[in-house]
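*Asks:* The following file, structure20.cif, comprises mmCIF, C-alpha atoms:
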```
data_entry
loop_
_atom_site.label_atom_id
_atom_site.label_comp_id
_atom_site.auth_asym_id
_atom_site.auth_seq_id
_atom_site.Cartn_x
_atom_site.Cartn_y
_atom_site.Cartn_z
CA MET K 205 -57.95 131.74 155.62
CA THR K 206 -56.58 128.24 156.03
CA ASP K 207 -55.33 126.14 153.17
CA SER K 208 -56.50 122.56 153.09
CA PRO K 209 -55.74 119.45 151.04
CA SER K 210 -59.14 119.83 149.35
CA ASN K 211 -58.30 123.41 148.32
CA THR K 212 -54.97 122.36 146.83
CA ALA K 213 -56.63 119.39 145.15
CA ALA K 214 -59.18 121.71 143.52
CA LEU K 215 -56.40 123.84 142.04
CA ARG K 216 -54.62 120.73 140.82
CA ASP K 217 -57.82 119.58 139.11
CA LEU K 218 -58.16 122.99 137.42
CA ALA K 219 -54.55 122.95 136.20
CA GLU K 220 -54.80 119.42 134.85
CA GLN K 221 -58.12 120.22 133.20
CA ILE K 222 -56.69 123.15 131.23
CA LEU K 223 -53.65 121.07 130.24
CA ASP K 224 -55.92 118.40 128.78
CA ILE K 225 -57.97 121.05 126.97
CA ALA K 226 -54.80 122.66 125.59
CA LYS K 227 -53.54 119.33 124.25
CA SER K 228 -56.91 118.73 122.61
CA ALA K 229 -56.73 122.20 121.04
CA GLY K 230 -53.44 121.34 119.33
CA ALA K 231 -50.71 122.24 121.83
CA ASP K 232 -47.64 120.01 121.76
CA ALA K 233 -46.79 120.96 125.35
CA ALA K 234 -48.18 123.27 127.99
CA ASP K 235 -47.91 124.40 131.57
CA ALA K 236 -50.42 126.17 133.78
CA MET K 237 -50.29 128.23 136.95
CA VAL K 238 -53.37 128.65 139.15
CA VAL K 239 -53.46 131.19 141.97
CA GLN K 240 -56.27 131.36 144.51
CA GLY K 241 -56.19 133.90 147.27
CA VAL K 242 -57.50 136.79 149.29
CA SER K 243 -55.96 140.19 150.00
CA GLN K 244 -57.08 143.22 151.94
CA THR K 245 -55.63 146.65 152.64
CA VAL K 246 -56.54 149.55 154.90
CA SER K 247 -55.07 153.04 154.41
CA LEU K 248 -55.37 156.13 156.60
CA ARG K 249 -54.36 159.68 155.72
CA ASN K 250 -54.13 162.30 158.45
CA GLY K 251 -56.52 160.42 160.67
CA ALA K 252 -59.16 159.74 158.03
CA LEU K 253 -59.86 156.34 156.50
CA GLU K 254 -58.81 156.81 152.88
CA GLN K 255 -59.11 153.30 151.48
CA ALA K 256 -60.30 149.86 152.51
CA GLU K 257 -60.16 147.14 149.91
CA ARG K 258 -60.64 143.39 149.80
CA SER K 259 -60.28 141.08 146.83
CA GLU K 260 -60.46 137.34 146.45
CA GLY K 261 -60.68 134.89 143.62
CA THR K 262 -58.96 132.34 141.45
CA GLU K 263 -56.95 133.13 138.33
CA MET K 264 -55.15 130.94 135.83
CA GLY K 265 -52.28 131.47 133.44
CA LEU K 266 -51.67 129.08 130.54
CA ARG K 267 -48.56 128.74 128.38
CA VAL K 268 -48.78 126.57 125.28
CA MET K 269 -46.10 125.42 122.88
CA VAL K 270 -46.59 124.43 119.26
CA GLY K 271 -43.25 123.16 118.08
CA GLN K 272 -40.83 125.80 119.29
CA ARG K 273 -43.33 128.62 119.31
CA GLN K 274 -45.15 129.68 122.46
CA ALA K 275 -47.92 131.94 123.71
CA CYS K 276 -49.36 132.87 127.11
CA VAL K 277 -52.94 133.71 128.08
CA SER K 278 -54.79 134.13 131.38
CA ALA K 279 -58.34 134.12 132.69
CA ALA K 280 -60.31 134.67 135.89
CA ASP K 281 -63.44 133.04 134.45
CA LEU K 282 -62.80 129.34 134.91
CA ARG K 283 -65.92 127.82 133.37
CA ARG K 284 -65.15 124.97 131.01
CA ASP K 285 -66.38 126.81 127.92
CA THR K 286 -64.12 129.74 128.80
CA LEU K 287 -61.18 127.41 129.28
CA ARG K 288 -61.77 125.90 125.84
CA ASP K 289 -61.81 129.36 124.25
CA MET K 290 -58.72 130.31 126.21
CA ALA K 291 -56.76 127.26 125.07
CA ALA K 292 -57.85 127.64 121.43
CA ARG K 293 -56.80 131.30 121.46
CA ALA K 294 -53.42 130.42 122.99
CA VAL K 295 -52.73 127.75 120.36
CA THR K 296 -53.65 130.16 117.55
CA MET K 297 -51.34 132.81 119.03
CA ALA K 298 -48.50 130.29 119.36
CA ARG K 299 -48.79 129.26 115.71
CA LEU K 300 -48.36 132.92 114.74
CA ALA K 301 -45.44 133.56 117.10
CA PRO K 302 -41.82 133.53 115.90
CA GLU K 303 -39.92 130.27 116.32
CA ASP K 304 -37.50 130.15 119.25
CA SER K 305 -35.06 127.27 119.65
CA THR K 306 -34.89 127.83 123.43
CA VAL K 307 -38.62 127.28 124.00
CA GLY K 308 -39.58 124.09 125.83
CA LEU K 309 -40.53 122.57 129.16
CA ALA K 310 -38.02 120.94 131.47
CA ASP K 311 -37.07 117.35 130.83
CA PRO K 312 -38.84 115.10 133.37
CA ALA K 313 -35.45 114.10 134.77
CA GLN K 314 -34.80 117.76 135.69
CA LEU K 315 -37.97 118.18 137.75
CA SER K 316 -37.92 118.74 141.49
CA SER K 317 -38.99 115.92 143.77
CA MET K 318 -40.17 118.56 146.25
CA ARG K 319 -43.75 119.40 145.32
CA ASP K 320 -44.87 121.51 148.31
CA ALA K 321 -43.43 123.88 150.90
CA SER K 322 -43.40 121.50 153.85
CA GLY K 323 -40.99 122.74 156.49
CA LEU K 324 -40.44 126.19 154.96
CA GLU K 325 -43.10 127.94 157.09
CA LEU K 326 -44.37 130.16 154.29
CA SER K 327 -47.96 130.37 155.50
CA ASP K 328 -49.62 131.66 158.66
CA ASP K 329 -52.82 129.65 158.81
CA GLY K 330 -54.34 131.64 161.64
CA ALA K 331 -57.53 133.61 161.15
CA ALA K 332 -57.31 136.49 158.72
CA PRO K 333 -57.22 139.90 160.44
CA LEU K 334 -60.51 141.75 160.46
CA PRO K 335 -60.61 145.12 158.67
CA ALA K 336 -61.35 146.79 162.00
CA GLU K 337 -58.19 145.23 163.48
CA MET K 338 -56.10 146.43 160.57
CA GLU K 339 -57.55 149.94 160.86
CA ASP K 340 -56.77 149.95 164.58
CA GLU K 341 -53.13 148.97 163.93
CA ALA K 342 -52.79 151.68 161.28
CA ARG K 343 -54.25 154.28 163.69
CA ARG K 344 -51.88 153.23 166.47
CA ALA K 345 -48.91 153.60 164.13
CA GLU K 346 -50.17 157.01 163.02
CA ALA K 347 -50.69 158.19 166.60
CA ALA K 348 -47.17 157.14 167.58
CA ALA K 349 -45.69 159.02 164.62
CA ARG K 350 -47.75 162.15 165.29
CA ALA K 351 -46.53 162.21 168.90
CA ILE K 352 -42.95 162.88 167.75
CA ALA K 353 -41.88 166.53 168.02
CA LYS K 354 -41.50 168.29 164.62
CA VAL K 355 -43.90 165.87 162.87
CA THR K 356 -46.56 168.07 161.26
CA GLN K 357 -48.69 165.53 159.42
CA ILE K 358 -49.01 161.88 158.48
CA GLN K 359 -49.04 161.18 154.76
CA SER K 360 -50.26 157.61 155.14
CA SER K 361 -50.52 154.68 157.50
CA ASN K 362 -51.18 151.36 155.79
CA ALA K 363 -51.95 147.79 156.85
CA GLY K 364 -52.05 144.90 154.38
CA TYR K 365 -52.66 141.16 154.34
CA SER K 366 -52.68 138.42 151.70
CA HIS K 367 -53.02 134.66 151.70
CA ARG K 368 -52.77 132.67 148.48
CA THR K 369 -52.31 129.18 147.16
CA ILE K 370 -50.13 128.70 144.07
CA PHE K 371 -50.25 125.57 141.94
CA LEU K 372 -48.08 124.78 138.94
CA ALA K 373 -48.56 121.87 136.54
CA GLY K 374 -47.04 120.91 133.20
CA SER K 375 -47.58 118.34 130.48
CA ASN K 376 -44.08 117.04 131.34
CA GLY K 377 -45.51 115.50 134.51
CA PHE K 378 -44.79 118.21 137.04
CA ALA K 379 -47.51 119.09 139.56
CA GLY K 380 -46.87 121.00 142.77
CA GLY K 381 -48.19 123.80 144.89
CA TYR K 382 -47.78 125.73 148.11
CA VAL K 383 -49.36 128.42 150.25
CA ARG K 384 -47.95 131.84 151.06
CA SER K 385 -49.12 134.57 153.42
CA ASP K 386 -47.97 138.17 153.98
CA TYR K 387 -48.70 140.79 156.62
CA GLY K 388 -47.46 144.36 156.44
CA LEU K 389 -47.73 147.65 158.30
CA SER K 390 -46.11 150.97 157.34
CA CYS K 391 -46.27 154.67 158.13
CA VAL K 392 -45.09 157.78 156.24
CA ALA K 393 -44.58 160.93 158.35
CA ILE K 394 -43.84 164.53 157.35
CA SER K 395 -41.96 167.24 159.23
CA GLY K 396 -41.91 170.96 158.42
CA GLU K 397 -44.33 173.14 156.49
CA GLY K 398 -44.71 174.38 152.91
CA THR K 399 -41.58 174.12 150.80
CA GLY K 400 -39.64 173.01 153.88
CA MET K 401 -41.55 169.75 154.29
CA GLU K 402 -39.50 166.55 154.55
CA ARG K 403 -40.83 163.00 154.45
CA ASP K 404 -39.64 159.64 155.76
CA TYR K 405 -41.13 156.26 156.57
CA TYR K 406 -40.82 152.97 158.39
CA GLY K 407 -42.54 149.64 157.95
CA ASP K 408 -42.40 145.92 158.56
CA GLY K 409 -43.53 142.92 156.53
CA ARG K 410 -43.69 139.31 157.72
CA ILE K 411 -45.12 135.93 156.81
CA PHE K 412 -46.46 135.38 160.34
CA ARG K 413 -48.54 138.12 161.93
CA SER K 414 -47.06 137.33 165.34
CA ASP K 415 -43.60 138.30 164.04
CA LEU K 416 -44.64 141.87 163.12
CA ILE K 417 -43.14 144.59 165.27
CA SER K 418 -45.70 146.71 167.11
CA PRO K 419 -47.62 149.54 165.41
CA GLU K 420 -46.25 151.91 168.04
CA GLU K 421 -42.65 151.04 167.17
CA ILE K 422 -43.35 151.46 163.45
CA GLY K 423 -45.00 154.84 163.91
CA ARG K 424 -42.40 156.09 166.37
CA GLU K 425 -39.52 155.19 164.02
CA ALA K 426 -41.28 156.80 161.04
CA GLY K 427 -41.83 159.98 163.06
CA MET K 428 -38.26 160.11 164.33
CA ARG K 429 -36.89 159.63 160.83
CA ALA K 430 -39.06 162.43 159.46
CA ALA K 431 -38.17 164.75 162.36
CA ALA K 432 -34.45 164.13 161.80
CA ARG K 433 -34.84 165.41 158.26
CA ALA K 434 -36.17 168.83 159.30
CA GLY K 435 -34.15 171.67 157.82
CA ALA K 436 -32.52 169.54 155.11
CA ARG K 437 -30.28 171.35 152.64
CA LYS K 438 -28.00 170.59 149.73
CA PRO K 439 -24.58 169.11 150.50
CA LYS K 440 -21.22 170.18 149.12
CA THR K 441 -20.29 169.37 145.54
CA GLY K 442 -17.21 167.24 145.07
CA LYS K 443 -15.87 163.71 145.43
CA TYR K 444 -16.61 162.03 148.76
CA PRO K 445 -17.24 158.63 150.35
CA VAL K 446 -20.90 157.59 150.19
CA PHE K 447 -22.45 155.41 152.89
CA PHE K 448 -25.57 153.57 151.64
CA ASP K 449 -27.83 152.98 154.63
CA GLU K 450 -29.21 149.46 155.08
CA ARG K 451 -32.64 150.57 153.89
CA VAL K 452 -31.24 151.43 150.43
CA SER K 453 -28.07 149.30 150.19
CA SER K 454 -29.95 146.41 148.57
CA THR K 455 -30.38 148.60 145.47
CA LEU K 456 -26.63 148.35 144.82
CA ILE K 457 -26.80 144.57 144.97
CA GLY K 458 -29.90 144.73 142.79
CA HIS K 459 -27.77 146.28 140.04
CA ILE K 460 -25.47 143.25 140.23
CA LEU K 461 -28.47 140.93 139.90
CA ALA K 462 -29.72 142.83 136.85
CA ALA K 463 -26.26 142.60 135.30
CA ILE K 464 -25.90 138.82 135.85
CA ASN K 465 -29.45 138.02 134.77
CA GLY K 466 -29.34 135.51 131.94
CA THR K 467 -31.56 137.66 129.73
CA ALA K 468 -29.08 140.56 129.84
CA ILE K 469 -26.11 138.22 129.35
CA ALA K 470 -27.70 136.48 126.36
CA ARG K 471 -28.38 139.88 124.76
CA GLY K 472 -24.86 141.13 125.52
CA SER K 473 -26.35 144.18 127.23
CA SER K 474 -24.69 143.87 130.65
CA TRP K 475 -21.76 145.69 132.18
CA LEU K 476 -20.73 142.30 133.64
CA ARG K 477 -21.15 140.31 130.41
CA ASP K 478 -17.44 139.34 130.28
CA ALA K 479 -16.81 139.21 134.04
CA LEU K 480 -17.46 135.54 134.88
CA GLY K 481 -14.61 134.44 137.13
CA GLU K 482 -13.44 138.01 137.68
CA ALA K 483 -13.49 140.07 140.89
CA VAL K 484 -16.60 142.27 141.15
CA LEU K 485 -16.61 142.68 144.95
CA PRO K 486 -13.68 142.91 147.38
CA VAL K 487 -11.98 139.70 148.52
CA GLY K 488 -13.92 137.92 151.25
CA PHE K 489 -17.42 138.83 150.04
CA ASP K 490 -19.96 136.19 148.97
CA LEU K 491 -23.37 136.82 147.40
CA LEU K 492 -25.51 133.83 148.36
CA GLU K 493 -28.98 132.71 147.39
CA ASP K 494 -30.96 130.45 149.72
CA PRO K 495 -34.46 129.71 148.35
CA LEU K 496 -35.17 127.27 151.21
CA ARG K 497 -34.87 129.64 154.19
CA LYS K 498 -37.69 129.26 156.70
CA ARG K 499 -40.10 132.18 157.14
CA ALA K 500 -38.45 134.19 154.34
CA GLY K 501 -40.49 136.07 151.76
CA GLY K 502 -38.38 134.93 148.80
CA SER K 503 -38.42 131.22 149.62
CA ARG K 504 -39.91 128.67 147.23
CA PRO K 505 -39.61 124.88 147.04
CA PHE K 506 -39.32 124.83 143.24
CA ASP K 507 -39.03 127.44 140.50
CA ALA K 508 -41.62 128.43 137.92
CA GLU K 509 -40.48 125.62 135.60
CA GLY K 510 -40.65 122.91 138.27
CA LEU K 511 -36.88 122.69 138.89
CA ALA K 512 -35.49 122.11 142.37
CA THR K 513 -34.26 125.25 144.11
CA GLN K 514 -31.10 125.11 146.19
CA LYS K 515 -28.44 127.23 147.89
CA ARG K 516 -26.07 128.87 145.44
CA ALA K 517 -23.21 131.37 145.39
CA PHE K 518 -23.45 133.95 142.62
CA ILE K 519 -20.32 135.67 143.91
CA GLN K 520 -17.69 133.78 145.87
CA ASP K 521 -14.73 135.45 147.58
CA GLY K 522 -15.42 138.55 145.50
CA LYS K 523 -15.42 136.73 142.14
CA LEU K 524 -18.45 136.30 139.90
CA ALA K 525 -19.28 132.59 139.98
CA SER K 526 -22.59 132.20 138.12
CA TRP K 527 -25.27 133.83 136.03
CA VAL K 528 -28.95 133.83 137.06
CA LEU K 529 -30.64 131.45 134.60
CA ASP K 530 -33.94 129.90 133.68
CA LEU K 531 -34.24 127.15 131.05
CA ALA K 532 -34.47 129.47 128.04
CA THR K 533 -31.48 131.67 128.91
CA ALA K 534 -29.46 128.60 129.91
CA ARG K 535 -30.13 127.05 126.50
CA LYS K 536 -29.09 130.29 124.76
CA LEU K 537 -25.80 130.27 126.66
CA GLY K 538 -25.15 126.52 126.45
CA LEU K 539 -25.43 126.15 130.24
CA GLU K 540 -27.70 124.52 132.83
CA SER K 541 -30.55 126.40 134.48
CA THR K 542 -29.85 127.67 137.99
CA ALA K 543 -33.54 127.06 138.85
CA ASN K 544 -34.26 130.78 139.01
CA ALA K 545 -37.32 130.87 136.76
CA ALA K 546 -40.17 133.12 137.88
CA ARG K 547 -43.37 133.91 136.04
CA GLY K 548 -46.67 135.69 136.24
CA LEU K 549 -49.98 134.52 134.90
CA THR K 550 -49.62 136.42 131.62
CA SER K 551 -45.96 135.88 130.74
CA PRO K 552 -43.44 133.09 130.17
CA PRO K 553 -40.74 132.34 132.77
CA SER K 554 -37.76 134.64 133.15
CA PRO K 555 -34.74 134.60 135.51
CA SER K 556 -35.23 136.09 138.97
CA VAL K 557 -33.71 135.80 142.46
CA GLY K 558 -35.64 135.62 145.74
CA ASN K 559 -33.72 135.30 149.01
CA LEU K 560 -30.25 136.76 148.91
CA ALA K 561 -27.53 137.56 151.44
CA LEU K 562 -24.29 139.51 151.16
CA VAL K 563 -21.78 137.88 153.48
CA GLY K 564 -18.30 139.17 154.19
CA PRO K 565 -16.09 141.21 156.51
CA GLU K 566 -18.23 143.44 158.74
CA VAL K 567 -17.50 146.51 160.84
CA GLU K 568 -19.66 148.13 163.52
CA ARG K 569 -21.92 150.67 161.81
CA GLU K 570 -20.75 153.56 164.00
CA THR K 571 -17.12 152.58 163.46
CA LEU K 572 -17.61 152.59 159.71
CA LEU K 573 -19.26 156.03 159.86
CA ARG K 574 -16.31 157.38 161.84
CA GLU K 575 -13.82 155.87 159.44
CA MET K 576 -15.52 157.39 156.39
CA GLY K 577 -14.63 160.83 157.75
CA THR K 578 -16.48 163.37 155.66
CA GLY K 579 -19.11 162.36 153.13
CA LEU K 580 -22.75 161.48 152.53
CA LEU K 581 -24.98 159.01 154.37
CA VAL K 582 -27.76 158.08 151.91
CA THR K 583 -31.13 157.04 153.32
CA SER K 584 -33.32 157.59 150.25
CA LEU K 585 -32.84 157.36 146.49
CA ILE K 586 -35.04 158.84 143.77
CA GLY K 587 -34.99 158.48 140.00
CA SER K 588 -32.48 156.35 138.20
CA SER K 589 -30.04 156.73 135.36
CA ILE K 590 -28.16 153.45 135.14
CA ASN K 591 -26.50 152.47 131.86
CA PRO K 592 -26.98 148.66 131.78
CA THR K 593 -24.14 148.20 129.29
CA THR K 594 -21.43 150.36 130.89
CA GLY K 595 -22.54 150.42 134.53
CA ASP K 596 -22.49 154.23 134.69
CA TYR K 597 -24.59 155.22 137.71
CA SER K 598 -26.42 158.44 138.58
CA ARG K 599 -29.28 158.87 141.07
CA GLY K 600 -30.95 161.54 143.12
CA ALA K 601 -30.30 161.09 146.83
CA SER K 602 -31.14 162.41 150.28
CA GLY K 603 -29.83 161.58 153.71
CA PHE K 604 -27.32 163.19 156.08
CA TRP K 605 -23.99 164.96 155.80
CA VAL K 606 -21.20 163.39 157.83
CA GLU K 607 -18.32 165.58 158.99
CA ASN K 608 -15.31 164.02 160.74
CA GLY K 609 -17.31 160.85 161.32
CA GLU K 610 -20.33 162.62 162.89
CA ILE K 611 -23.76 163.28 161.38
CA THR K 612 -24.12 167.06 161.15
CA TYR K 613 -27.23 167.94 159.12
CA ALA K 614 -29.94 166.49 156.87
CA VAL K 615 -29.36 166.54 153.12
CA ASN K 616 -31.72 166.72 150.14
CA GLU K 617 -31.69 167.61 146.44
CA CYS K 618 -28.34 166.13 145.48
CA THR K 619 -27.11 163.69 142.85
CA ILE K 620 -24.56 160.92 143.34
CA ALA K 621 -22.68 159.45 140.38
CA GLY K 622 -20.03 156.86 139.60
CA ASN K 623 -19.48 153.58 137.82
CA LEU K 624 -20.90 150.43 139.38
CA ARG K 625 -17.82 148.32 138.69
CA ASP K 626 -15.62 150.87 140.49
CA MET K 627 -18.13 151.48 143.28
CA LEU K 628 -18.74 147.83 144.13
CA GLY K 629 -15.07 146.98 143.98
CA THR K 630 -14.40 149.20 147.00
CA ILE K 631 -17.37 148.47 149.28
CA ARG K 632 -17.09 147.93 153.00
CA ALA K 633 -19.97 146.44 154.98
CA ALA K 634 -21.52 147.34 158.33
CA ASN K 635 -23.05 144.78 160.68
CA ASP K 636 -26.67 145.97 160.56
CA ALA K 637 -28.38 143.63 158.06
CA ARG K 638 -31.85 142.47 159.15
CA PRO K 639 -31.86 138.65 158.98
CA HIS K 640 -35.62 138.23 158.50
CA LEU K 641 -35.68 140.07 155.16
CA SER K 642 -35.49 138.23 151.85
CA ARG K 643 -32.56 140.51 150.94
CA VAL K 644 -30.12 140.41 153.86
CA ILE K 645 -27.87 143.30 152.85
CA PRO K 646 -26.04 145.52 155.39
CA SER K 647 -25.19 149.19 155.04
CA LEU K 648 -22.41 149.62 152.49
CA LEU K 649 -19.69 152.23 152.29
CA VAL K 650 -18.43 153.16 148.80
CA GLU K 651 -14.96 154.67 148.81
CA GLU K 652 -15.65 157.59 146.48
CA MET K 653 -18.44 159.03 144.33
CA THR K 654 -19.15 162.37 142.71
CA LEU K 655 -21.72 164.50 144.54
CA ALA K 656 -23.57 167.34 142.85
CA GLY K 657 -25.11 169.59 145.49
CA ALA K 658 -24.76 173.23 146.44
#
```
Could you take the file, read its structure, and then write that structure out as structure tokens?
*Replies:*
Amino acid sequence: MTDSPSNTAALRDLAEQILDIAKSAGADAADAMVVQGVSQTVSLRNGALEQAERSEGTEMGLRVMVGQRQACVSAADLRRDTLRDMAARAVTMARLAPEDSTVGLADPAQLSSMRDASGLELSDDGAAPLPAEMEDEARRAEAAARAIAKVTQIQSSNAGYSHRTIFLAGSNGFAGGYVRSDYGLSCVAISGEGTGMERDYYGDGRIFRSDLISPEEIGREAGMRAAARAGARKPKTGKYPVFFDERVSSTLIGHILAAINGTAIARGSSWLRDALGEAVLPVGFDLLEDPLRKRAGGSRPFDAEGLATQKRAFIQDGKLASWVLDLATARKLGLESTANAARGLTSPPSPSVGNLALVGPEVERETLLREMGTGLLVTSLIGSSINPTTGDYSRGASGFWVENGEITYAVNECTIAGNLRDMLGTIRAANDARPHLSRVIPSLLVEEMTLAGA
């Protein structure tokens, strides 16, 4: 599916049409998002085709403001009569909503001059993959996983594709849009039988199909991971170092993002609410956002309120440097938006981060494992008990037990616990971050946590 100027122009016409209708219905201000796209998925389970789906269409989300009250509605039926009903309903809802002094569109002087994604390479405009091609790739991944010794079955092998055009327009004069594509392939393999079964996975997702690693490599890695987990048992109980593998380390950084989100700060419900300017990571570590990275899944030329996105440091040399803000949370805190607004079709904007990288002192992964001595290498996390106000952390985990710097056996059914402020203040980073991901986070070693196992 190839985007064209006429396609983008049609979405612009739709957005401007609903804005005019909303103004006629009594809205003082409004913005609209229109998304047109196609997606398809193919899923196999133990060699049998389990699911093949395709969807395409155009949907619209409208936000209206009456004074400092707002409401959001959405529709997939874009006939003019439907749009009139949609706008009238939104205006009625807004009049009944509570007043909020932070509601309002961006001032025209704040708006981005960048109105498309030129140069960011966010869309592969080649031909869409045929369902038969996607099924073939999923089968090849499955076959490669099944060929690994100790793999007893394949839980799933999935291929996915989407291509969509996004257009945003507001009554403040903003109008811009861009195209985004995604390709993905993944495989979940199982080793063992009965109550001794263990599961693991591998996958890859890219903007350009040509960048995807081969189905054989994906399946082989999924199979090897599952086979390595055969015979897993509970680890020792006690206090040990915990090494968060690269595939799960981004969850730790995700807890920082949740804690510095403007919504949590404005509510006072964050364990970092008073930490601006204080050390939250070791000296030398920066947490950087770059919304303008080429071929990155979290890139965007402007945010969901039309503000210009730019590189930014949320943590600099270990110290918390900025909150994550949209216009509303910035107004609540008496600050400027960091252009981090994101929104769906049915909700108003809220703060969110796309591309992110943790940059700092790095050590070879194997060296870091040796230096940790005895402890837990975590490759999977389940459940979550995170206190957003205190930072107390507790999660189910599985992975591998490390003894004297060497992996000795697979681990399951254990719990790791600590406090995020203490944990993050002691991290050490490996050198294994994958640069093509939107979250470029390496494996992270935490000095000490409490393990509940055998």
*Asks:* Which neighbours of stretch 448-453 of chain K fall inside 12 Å, counting all atoms listed in the file, when residues of the same chain fewer than 3 positions from it are skipped, and could you give them as a VMD selection string?
*Replies:* chain K and resid 404 to 408 445 456 to 460 561 to 562 569 to 570 572 to 573 576 579 to 586 601 to 604 620 627 to 628 631 to 639 641 643 to 653
*Asks:* Taking the file above as input, evaluate the PyMOL selection byres ((chain K and resi 439) around 7) and report the hits as a ChimeraX atom specification.
*Replies:* /K:437-438,440-441,605,615,618,657-658
*Asks:* Mind giving me the straight-line distance from atom CA of K:Ser322 to atom CA of K:His367 in Å, one decimal?
*Replies:*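 About the pair atom CA of K:Ser322 and atom CA of K:His367: they are 16.4 Å apart.
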*Asks:* Between K:Val567, K:Val557, K:Asp530, K:Trp475, single out the one closest to K:Gly595, counting only C-alpha atoms.
*Replies:*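 Closest to K:Gly595, using only C-alpha atoms: K:Trp475.
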*Asks:* So how far away is atom CA of K:Ala342 from atom CA of K:Ala252, in Å?
*Replies:* 10.8 Å
*Asks:* Using only C-alpha atoms, pick whichever of K:Leu324, K:Leu549, K:Ala234, K:Ala543 has the shortest atom-to-atom distance to K:Gly374.
*Replies:* K:Ala234
